[in-house]
Amino acid sequence: MMFAVPALLMELVLAMPVSDTMPVFDVHGSCRAATQQMTLDAGRQKLCLEDEGSARAEVEKKWSSYPAGDRTRCAAEAQLDGLPSYVDLLECLTLAREAKAEDGQ
């Protein structure tokens with residue numbers, strides 16, 4: 001059963017078309033969920049939305065420089081739980097790039 005999730009993820013990734021345009025996420029739900037889990041402080045949701053905006057801007061600047069396979073896989077992973085996040089997308093793309101650099105690719 002441990003292989004079911006990765007196999008499902010790979011099916012989703014392989015079925016998704018590679019897009020040259022960056023995905024558009026509604027991150028309000030993600031920030032609302034994160035804020036409710038952490039604290040009732042309304043200021044936290046504002047900070048979360050600011051973090052998401054910063055991550056979106058960073059991804060947007062470099063989107064075309066990421067390999068198509070990484071863009072497709074990371075876009076799928078960043079919304080896998082139904083709560084899409086540009087922070088998660090940026091982290092995935094950054095880790096993929098760093099892994100390739102360490103491998104000398």
# chains A, B, ... in the order shown; residues from 1 in each chain; ligands from 1
call {"tool": "residues_around", "arguments": {"residues": "range 57-66 of chain A", "least_positions_apart": "2", "cutoff": "12 Å", "atoms": "only C-alpha atoms", "output": "CSV table (one decimal) with C-alpha atoms, in the first residue's frame"}}
result
chain,number,residue,atom,x,y,z
A,18,VAL,CA,3.2,20.5,-19.6
A,19,SER,CA,2.3,24.1,-19.5
A,20,ASP,CA,4.4,27.1,-20.5
A,21,THR,CA,2.2,29.3,-18.3
A,22,MET,CA,2.5,29.3,-14.6
A,23,PRO,CA,-0.5,27.8,-12.8
A,24,VAL,CA,-3.0,30.1,-11.1
A,50,GLU,CA,2.0,37.9,1.8
A,51,ASP,CA,4.3,34.9,1.8
A,52,GLU,CA,2.2,33.3,-1.0
A,53,GLY,CA,2.4,36.5,-3.0
A,54,SER,CA,6.2,36.7,-2.6
A,55,ALA,CA,6.6,33.0,-3.6
A,68,ALA,CA,9.2,21.3,-18.2
A,69,GLY,CA,9.0,18.0,-16.2
A,70,ASP,CA,9.8,19.8,-12.9
A,71,ARG,CA,7.1,22.5,-13.7
A,72,THR,CA,4.5,19.8,-14.3
A,73,ARG,CA,5.4,17.6,-11.4
A,74,CYS,CA,5.8,20.5,-8.9
A,75,ALA,CA,2.5,22.2,-10.0
A,85,SER,CA,0.3,26.9,-2.5
A,86,TYR,CA,2.9,28.9,-4.3
A,87,VAL,CA,5.2,28.5,-1.3
A,88,ASP,CA,5.0,24.7,-1.9
A,89,LEU,CA,5.5,25.2,-5.6
A,90,LEU,CA,8.6,27.3,-5.1
A,91,GLU,CA,10.0,24.9,-2.6
A,92,CYS,CA,9.5,21.9,-5.0
A,93,LEU,CA,11.1,23.7,-7.9
A,94,THR,CA,14.0,24.9,-5.8
A,95,LEU,CA,14.7,21.4,-4.4
A,96,ALA,CA,14.5,19.9,-7.9
A,97,ARG,CA,17.0,22.5,-9.2
A,98,GLU,CA,19.4,21.9,-6.2
A,100,LYS,CA,20.2,18.4,-10.3
call {"tool": "select_by_dssp", "arguments": {"residues": "range 13-105 of chain A", "states": "helix (DSSP H, G or I)", "output": "ChimeraX atom specification"}}
result
/A:13-15,28-38,42-65,68-77,86-103
call {"tool": "atom_distance", "arguments": {"atom1": "CA of Phe25 in chain A", "atom2": "CA of Gly43 in chain A"}}
result
21.2 Å
call {"tool": "closest_residue", "arguments": {"among": "A:Ala99, A:Gln79, A:Lys46, A:Asp41", "to": "Asp26 in chain A", "atoms": "only C-alpha atoms"}}
result
A:Gln79
call {"tool": "closest_residue", "arguments": {"among": "A:Gly104, A:Leu83, A:Glu77, A:Leu49", "to": "Ala33 in chain A", "atoms": "only C-alpha atoms"}}
result
A:Leu83
call {"tool": "atom_distance", "arguments": {"atom1": "CA of Arg32 in chain A", "atom2": "CA of Gln45 in chain A"}}
result
6.2 Å
call {"tool": "closest_residue", "arguments": {"among": "A:Pro67, A:Arg56, A:Leu47, A:Pro84", "to": "Ser30 in chain A", "atoms": "only C-alpha atoms"}}
result
A:Pro84
